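**Student:** As input, take run37.pdb (PDB, C-alpha atoms):
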```pdb
ATOM      1  CA  MET A 164      16.960  56.571  -4.735  1.00  0.00           C
ATOM      2  CA  ARG A 165      13.554  55.068  -3.971  1.00  0.00           C
ATOM      3  CA  ASP A 166      12.048  53.923  -0.670  1.00  0.00           C
ATOM      4  CA  PHE A 167      11.255  50.214  -1.001  1.00  0.00           C
ATOM      5  CA  ARG A 168       8.866  50.433   1.966  1.00  0.00           C
ATOM      6  CA  VAL A 169       6.277  52.287  -0.126  1.00  0.00           C
ATOM      7  CA  LEU A 170       6.146  49.779  -2.990  1.00  0.00           C
ATOM      8  CA  LYS A 171       3.114  47.465  -3.038  1.00  0.00           C
ATOM      9  CA  VAL A 172       5.181  44.730  -4.662  1.00  0.00           C
ATOM     10  CA  CYS A 173       7.631  44.889  -1.770  1.00  0.00           C
ATOM     11  CA  HIS A 174       4.772  44.538   0.729  1.00  0.00           C
ATOM     12  CA  LYS A 175       3.511  41.530  -1.250  1.00  0.00           C
ATOM     13  CA  ALA A 176       6.995  39.972  -1.284  1.00  0.00           C
ATOM     14  CA  HIS A 177       7.381  40.605   2.450  1.00  0.00           C
ATOM     15  CA  ALA A 178       4.060  38.914   3.231  1.00  0.00           C
ATOM     16  CA  LEU A 179       5.160  35.968   1.080  1.00  0.00           C
ATOM     17  CA  THR A 180       8.475  35.747   2.939  1.00  0.00           C
ATOM     18  CA  LEU A 181       6.722  35.659   6.308  1.00  0.00           C
ATOM     19  CA  ALA A 182       4.252  33.011   5.109  1.00  0.00           C
ATOM     20  CA  VAL A 183       7.058  30.855   3.699  1.00  0.00           C
ATOM     21  CA  TYR A 184       9.057  31.062   6.932  1.00  0.00           C
ATOM     22  CA  LYS A 185       6.004  30.034   8.963  1.00  0.00           C
ATOM     23  CA  GLU A 186       5.234  27.109   6.663  1.00  0.00           C
ATOM     24  CA  THR A 187       8.802  25.821   6.432  1.00  0.00           C
ATOM     25  CA  ALA A 188       9.050  25.750  10.229  1.00  0.00           C
ATOM     26  CA  TYR A 189       7.043  22.509   9.986  1.00  0.00           C
ATOM     27  CA  PHE A 190       9.278  20.848   7.406  1.00  0.00           C
ATOM     28  CA  PRO A 191      11.264  17.800   8.532  1.00  0.00           C
ATOM     29  CA  LYS A 192      14.408  18.602  10.488  1.00  0.00           C
ATOM     30  CA  HIS A 193      16.548  16.654   8.017  1.00  0.00           C
ATOM     31  CA  GLU A 194      15.608  19.297   5.394  1.00  0.00           C
ATOM     32  CA  LEU A 195      16.827  22.228   7.505  1.00  0.00           C
ATOM     33  CA  TYR A 196      20.038  22.619   5.479  1.00  0.00           C
ATOM     34  CA  GLY A 197      18.481  21.391   2.251  1.00  0.00           C
ATOM     35  CA  LEU A 198      15.085  22.309   0.854  1.00  0.00           C
ATOM     36  CA  THR A 199      14.013  24.436   3.830  1.00  0.00           C
ATOM     37  CA  SER A 200      17.096  26.612   3.554  1.00  0.00           C
ATOM     38  CA  GLN A 201      16.825  26.874  -0.225  1.00  0.00           C
ATOM     39  CA  ILE A 202      13.154  27.884  -0.110  1.00  0.00           C
ATOM     40  CA  ARG A 203      13.843  30.511   2.514  1.00  0.00           C
ATOM     41  CA  ARG A 204      16.799  31.931   0.584  1.00  0.00           C
ATOM     42  CA  ALA A 205      14.731  32.159  -2.597  1.00  0.00           C
ATOM     43  CA  THR A 206      11.860  34.015  -0.931  1.00  0.00           C
ATOM     44  CA  VAL A 207      14.194  36.425   0.849  1.00  0.00           C
ATOM     45  CA  SER A 208      15.965  37.024  -2.460  1.00  0.00           C
ATOM     46  CA  VAL A 209      12.739  38.251  -4.064  1.00  0.00           C
ATOM     47  CA  GLU A 210      12.240  40.921  -1.420  1.00  0.00           C
ATOM     48  CA  ALA A 211      15.925  41.744  -1.089  1.00  0.00           C
ATOM     49  CA  ASN A 212      16.369  42.340  -4.812  1.00  0.00           C
ATOM     50  CA  ILE A 213      13.397  44.700  -4.895  1.00  0.00           C
ATOM     51  CA  SER A 214      14.927  46.607  -2.008  1.00  0.00           C
ATOM     52  CA  GLU A 215      18.405  46.605  -3.494  1.00  0.00           C
ATOM     53  CA  GLY A 216      17.069  47.812  -6.834  1.00  0.00           C
ATOM     54  CA  CYS A 217      15.486  50.778  -5.084  1.00  0.00           C
ATOM     55  CA  GLY A 218      18.955  51.932  -4.142  1.00  0.00           C
ATOM     56  CA  LYS A 219      20.160  52.078  -7.737  1.00  0.00           C
ATOM     57  CA  ASN A 220      20.408  55.333  -9.649  1.00  0.00           C
ATOM     58  CA  THR A 221      18.714  54.405 -12.910  1.00  0.00           C
ATOM     59  CA  GLY A 222      15.474  52.755 -13.923  1.00  0.00           C
ATOM     60  CA  ALA A 223      17.468  50.271 -15.995  1.00  0.00           C
ATOM     61  CA  ASP A 224      19.455  49.170 -12.941  1.00  0.00           C
ATOM     62  CA  PHE A 225      16.270  48.983 -10.890  1.00  0.00           C
ATOM     63  CA  ALA A 226      14.581  46.849 -13.581  1.00  0.00           C
ATOM     64  CA  ARG A 227      17.592  44.510 -13.640  1.00  0.00           C
ATOM     65  CA  PHE A 228      17.242  43.831  -9.911  1.00  0.00           C
ATOM     66  CA  LEU A 229      13.507  43.296 -10.323  1.00  0.00           C
ATOM     67  CA  GLN A 230      14.361  40.722 -13.025  1.00  0.00           C
ATOM     68  CA  ILE A 231      16.647  38.941 -10.572  1.00  0.00           C
ATOM     69  CA  GLY A 232      13.829  38.966  -8.009  1.00  0.00           C
ATOM     70  CA  LEU A 233      11.498  37.547 -10.643  1.00  0.00           C
ATOM     71  CA  GLY A 234      13.964  34.722 -11.246  1.00  0.00           C
ATOM     72  CA  SER A 235      14.082  33.993  -7.531  1.00  0.00           C
ATOM     73  CA  ALA A 236      10.276  33.894  -7.455  1.00  0.00           C
ATOM     74  CA  SER A 237      10.320  31.295 -10.243  1.00  0.00           C
ATOM     75  CA  GLU A 238      12.880  29.289  -8.291  1.00  0.00           C
ATOM     76  CA  LEU A 239      10.630  29.503  -5.238  1.00  0.00           C
ATOM     77  CA  GLU A 240       7.676  28.269  -7.290  1.00  0.00           C
ATOM     78  CA  CYS A 241       9.629  25.148  -8.259  1.00  0.00           C
ATOM     79  CA  GLU A 242      10.888  24.494  -4.730  1.00  0.00           C
ATOM     80  CA  LEU A 243       7.399  24.808  -3.238  1.00  0.00           C
ATOM     81  CA  LEU A 244       6.139  22.252  -5.763  1.00  0.00           C
ATOM     82  CA  ILE A 245       8.933  19.871  -4.746  1.00  0.00           C
ATOM     83  CA  ALA A 246       8.092  20.345  -1.064  1.00  0.00           C
ATOM     84  CA  HIS A 247       4.416  19.720  -1.763  1.00  0.00           C
ATOM     85  CA  ASP A 248       5.124  16.608  -3.827  1.00  0.00           C
ATOM     86  CA  LEU A 249       7.346  15.280  -1.038  1.00  0.00           C
ATOM     87  CA  GLY A 250       4.413  15.685   1.351  1.00  0.00           C
ATOM     88  CA  TYR A 251       5.917  18.517   3.401  1.00  0.00           C
ATOM     89  CA  MET A 252       2.821  20.704   3.000  1.00  0.00           C
ATOM     90  CA  ASN A 253      -0.822  19.979   2.352  1.00  0.00           C
ATOM     91  CA  ASP A 254      -2.725  20.974  -0.773  1.00  0.00           C
ATOM     92  CA  GLY A 255      -4.336  24.038   0.811  1.00  0.00           C
ATOM     93  CA  ARG A 256      -1.098  25.546   2.104  1.00  0.00           C
ATOM     94  CA  TYR A 257       0.677  24.788  -1.149  1.00  0.00           C
ATOM     95  CA  ASP A 258      -2.101  26.387  -3.200  1.00  0.00           C
ATOM     96  CA  ASP A 259      -2.071  29.482  -0.993  1.00  0.00           C
ATOM     97  CA  LEU A 260       1.694  29.963  -1.216  1.00  0.00           C
ATOM     98  CA  ALA A 261       1.800  29.163  -4.938  1.00  0.00           C
ATOM     99  CA  ASN A 262      -0.912  31.765  -5.565  1.00  0.00           C
ATOM    100  CA  GLN A 263       1.039  34.341  -3.556  1.00  0.00           C
ATOM    101  CA  VAL A 264       4.127  33.633  -5.658  1.00  0.00           C
ATOM    102  CA  VAL A 265       2.165  33.989  -8.893  1.00  0.00           C
ATOM    103  CA  GLU A 266       0.674  37.305  -7.740  1.00  0.00           C
ATOM    104  CA  THR A 267       4.119  38.577  -6.740  1.00  0.00           C
ATOM    105  CA  LYS A 268       5.498  37.563 -10.148  1.00  0.00           C
ATOM    106  CA  ARG A 269       2.648  39.400 -11.896  1.00  0.00           C
ATOM    107  CA  MET A 270       3.360  42.538  -9.910  1.00  0.00           C
ATOM    108  CA  LEU A 271       7.083  42.315 -10.627  1.00  0.00           C
ATOM    109  CA  THR A 272       6.451  41.768 -14.334  1.00  0.00           C
ATOM    110  CA  GLY A 273       4.138  44.773 -14.500  1.00  0.00           C
ATOM    111  CA  PHE A 274       6.633  46.950 -12.652  1.00  0.00           C
ATOM    112  CA  ILE A 275       9.455  45.849 -14.966  1.00  0.00           C
ATOM    113  CA  GLN A 276       7.308  46.646 -17.994  1.00  0.00           C
ATOM    114  CA  TYR A 277       6.508  50.052 -16.523  1.00  0.00           C
ATOM    115  CA  LEU A 278      10.184  50.807 -15.903  1.00  0.00           C
ATOM    116  CA  ASN A 279      11.150  49.635 -19.373  1.00  0.00           C
ATOM    117  CA  GLY A 280       8.391  51.760 -20.886  1.00  0.00           C
ATOM    118  CA  SER A 281       9.487  54.768 -18.893  1.00  0.00           C
ATOM    119  CA  ARG A 282      13.047  54.298 -20.084  1.00  0.00           C
ATOM    120  CA  THR A 283      12.077  54.113 -23.755  1.00  0.00           C
ATOM    121  CA  GLY A 284       9.620  56.959 -23.500  1.00  0.00           C
ATOM    122  CA  THR A 285       6.566  54.824 -24.200  1.00  0.00           C
ATOM    123  CA  LYS A 286       3.644  54.327 -21.879  1.00  0.00           C
ATOM    124  CA  VAL A 287       2.796  50.808 -20.805  1.00  0.00           C
TER     125      VAL A 287
END
```
With the file now loaded, output its structure as structure tokens.
**Tutor:**
Amino acid sequence: MRDFRVLKVCHKAHALTLAVYKETAYFPKHELYGLTSQIRRATVSVEANISEGCGKNTGADFARFLQIGLGSASELECELLIAHDLGYMNDGRYDDLANQVVETKRMLTGFIQYLNGSRTGTKV
């Protein structure tokens, strides 16, 4: 069992979650149960899957949850683009959040590769 609180990727995902919640607070009220909710669920899913994976017994199980988190990050990327294109956030805020998502995805991908390499006995 691992402690998710010590993982840099979890800190990155947490910072992203907080930034997304702050930004979506300004979205139109009619989106509260639509795009706002979906964006928030996707960003929480990234962090939650990292944390849940830490509680698994094997590296393979952990990597599977990181993959799920990676999928949620891709979903978030799409939803942020939709919100931007609908005019719910300006270019600067969109660029900042999109860059945070990309960095989180890079970290997740590297961690997955590390876990997969560890499992097969090769160094990545």
**Student:** Considering only C-alpha atoms, can you say which of A:Leu195, A:Val209, A:Ala226, A:Ile202 comes closest to A:Cys241?
**Tutor:**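 Residue with the minimum atom-to-atom distance to A:Cys241: A:Ile202.
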**Student:** Evaluate the PyMOL selection byres ((chain A and resi 242-245) around 9) against this structure - the residues, as a list in words, please.
**Tutor:** Leu198, Gln201, Ile202, Ala205, Ser237, Glu238, Leu239, Glu240, Cys241, Ala246, His247, Asp248, Leu249, Gly250, Tyr251, Met252, Tyr257, Leu260 and Ala261 of chain A
**Student:** For the selection just defined, write its residues with C-alpha atoms to a file, as a PDB file, in the frame of the given file.
**Tutor:**
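File written: out.pdb
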```
ATOM      1  CA  LEU A 198      15.085  22.309   0.854  1.00  0.00           C
ATOM      2  CA  GLN A 201      16.825  26.874  -0.225  1.00  0.00           C
ATOM      3  CA  ILE A 202      13.154  27.884  -0.110  1.00  0.00           C
ATOM      4  CA  ALA A 205      14.731  32.159  -2.597  1.00  0.00           C
ATOM      5  CA  SER A 237      10.320  31.295 -10.243  1.00  0.00           C
ATOM      6  CA  GLU A 238      12.880  29.289  -8.291  1.00  0.00           C
ATOM      7  CA  LEU A 239      10.630  29.503  -5.238  1.00  0.00           C
ATOM      8  CA  GLU A 240       7.676  28.269  -7.290  1.00  0.00           C
ATOM      9  CA  CYS A 241       9.629  25.148  -8.259  1.00  0.00           C
ATOM     10  CA  ALA A 246       8.092  20.345  -1.064  1.00  0.00           C
ATOM     11  CA  HIS A 247       4.416  19.720  -1.763  1.00  0.00           C
ATOM     12  CA  ASP A 248       5.124  16.608  -3.827  1.00  0.00           C
ATOM     13  CA  LEU A 249       7.346  15.280  -1.038  1.00  0.00           C
ATOM     14  CA  GLY A 250       4.413  15.685   1.351  1.00  0.00           C
ATOM     15  CA  TYR A 251       5.917  18.517   3.401  1.00  0.00           C
ATOM     16  CA  MET A 252       2.821  20.704   3.000  1.00  0.00           C
ATOM     17  CA  TYR A 257       0.677  24.788  -1.149  1.00  0.00           C
ATOM     18  CA  LEU A 260       1.694  29.963  -1.216  1.00  0.00           C
ATOM     19  CA  ALA A 261       1.800  29.163  -4.938  1.00  0.00           C
TER      20      ALA A 261
END
```
**Student:** Set up a box along x, y and z of the file covering all listed atoms of stretch 188-204 of chain A, add 3 Å on every one of the six sides, and write the centre and edge lengths in Å to one decimal, as JSON.
**Tutor:**
```
{"center_x": 13.5, "center_y": 24.3, "center_z": 5.1, "size_x": 19.0, "size_y": 21.3, "size_z": 16.7}
```
**Student:** What does the structure give for the distance between atom CA of A:Leu271 and atom CA of A:Asp254, in Å to one decimal?
**Tutor:**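 The value is 25.5 Å.
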**Student:** Go through A:Thr180, A:Ser235, A:Thr272, A:Thr187 and flag the residue nearest A:Ser208, using all atoms listed in the file for the distances.
**Tutor:** A:Ser235
**Student:** Pick out the residues sitting within 12 Å of A:Lys268, and hand them over as a ChimeraX atom specification; count only C-alpha atoms, and ignore anything fewer than 2 positions along from it in its own chain.
**Tutor:** /A:172-173,175-176,179,206,209-210,213,229-240,261-266,270-275
**Student:** In Å, with one decimal, what is the gap from atom CA of A:Leu170 to atom CA of A:Asn279?
**Tutor:**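 Atom-to-atom, atom CA of A:Leu170 and atom CA of A:Asn279 are spaced 17.1 Å apart.
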**Student:** How many Å lie between atom CA of A:Lys185 and atom CA of A:Gly218, rounded to one decimal?
**Tutor:**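 Computed distance, atom CA of A:Lys185 to atom CA of A:Gly218, equals 28.6 Å.
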**Student:** Taking only C-alpha atoms into account, name the residue in A:Arg203, A:Lys171, A:Arg256, A:Arg227 that is nearest to A:Leu278.
**Tutor:**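 Checking each of A:Arg203, A:Lys171, A:Arg256, A:Arg227 against A:Leu278, counting only C-alpha atoms, the winner is A:Arg227.
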**Student:** Generate N, CA and C atoms for stretch 166-182 of chain A and emit them as a CSV table (one decimal), keeping the file's coordinate frame.
**Tutor:**
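Below is the file that was written, part-v2.csv:
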```
chain,number,residue,atom,x,y,z
A,166,ASP,N,12.3,54.6,-2.0
A,166,ASP,CA,12.0,53.9,-0.7
A,166,ASP,C,11.3,52.6,-0.9
A,167,PHE,N,11.9,51.5,-0.7
A,167,PHE,CA,11.3,50.2,-1.0
A,167,PHE,C,10.0,50.0,-0.1
A,168,ARG,N,10.0,50.6,1.0
A,168,ARG,CA,8.9,50.4,2.0
A,168,ARG,C,7.5,50.9,1.4
A,169,VAL,N,7.5,51.8,0.4
A,169,VAL,CA,6.3,52.3,-0.1
A,169,VAL,C,5.8,51.5,-1.3
A,170,LEU,N,6.5,50.5,-1.8
A,170,LEU,CA,6.1,49.8,-3.0
A,170,LEU,C,5.2,48.6,-2.6
A,171,LYS,N,4.1,48.5,-3.3
A,171,LYS,CA,3.1,47.5,-3.0
A,171,LYS,C,3.7,46.1,-3.3
A,172,VAL,N,4.6,46.0,-4.3
A,172,VAL,CA,5.2,44.7,-4.7
A,172,VAL,C,6.1,44.3,-3.5
A,173,CYS,N,6.7,45.2,-2.9
A,173,CYS,CA,7.6,44.9,-1.8
A,173,CYS,C,6.8,44.4,-0.6
A,174,HIS,N,5.7,45.0,-0.3
A,174,HIS,CA,4.8,44.5,0.7
A,174,HIS,C,4.3,43.1,0.4
A,175,LYS,N,4.0,42.9,-0.8
A,175,LYS,CA,3.5,41.5,-1.2
A,175,LYS,C,4.6,40.5,-1.0
A,176,ALA,N,5.8,40.9,-1.4
A,176,ALA,CA,7.0,40.0,-1.3
A,176,ALA,C,7.3,39.7,0.2
A,177,HIS,N,7.1,40.8,1.0
A,177,HIS,CA,7.4,40.6,2.4
A,177,HIS,C,6.4,39.6,3.1
A,178,ALA,N,5.1,39.8,2.7
A,178,ALA,CA,4.1,38.9,3.2
A,178,ALA,C,4.3,37.5,2.8
A,179,LEU,N,4.8,37.3,1.6
A,179,LEU,CA,5.2,36.0,1.1
A,179,LEU,C,6.3,35.4,1.9
A,180,THR,N,7.3,36.2,2.2
A,180,THR,CA,8.5,35.7,2.9
A,180,THR,C,8.0,35.3,4.3
A,181,LEU,N,7.2,36.0,5.0
A,181,LEU,CA,6.7,35.7,6.3
A,181,LEU,C,5.9,34.4,6.3
A,182,ALA,N,5.1,34.2,5.2
A,182,ALA,CA,4.3,33.0,5.1
A,182,ALA,C,5.1,31.8,4.8
```
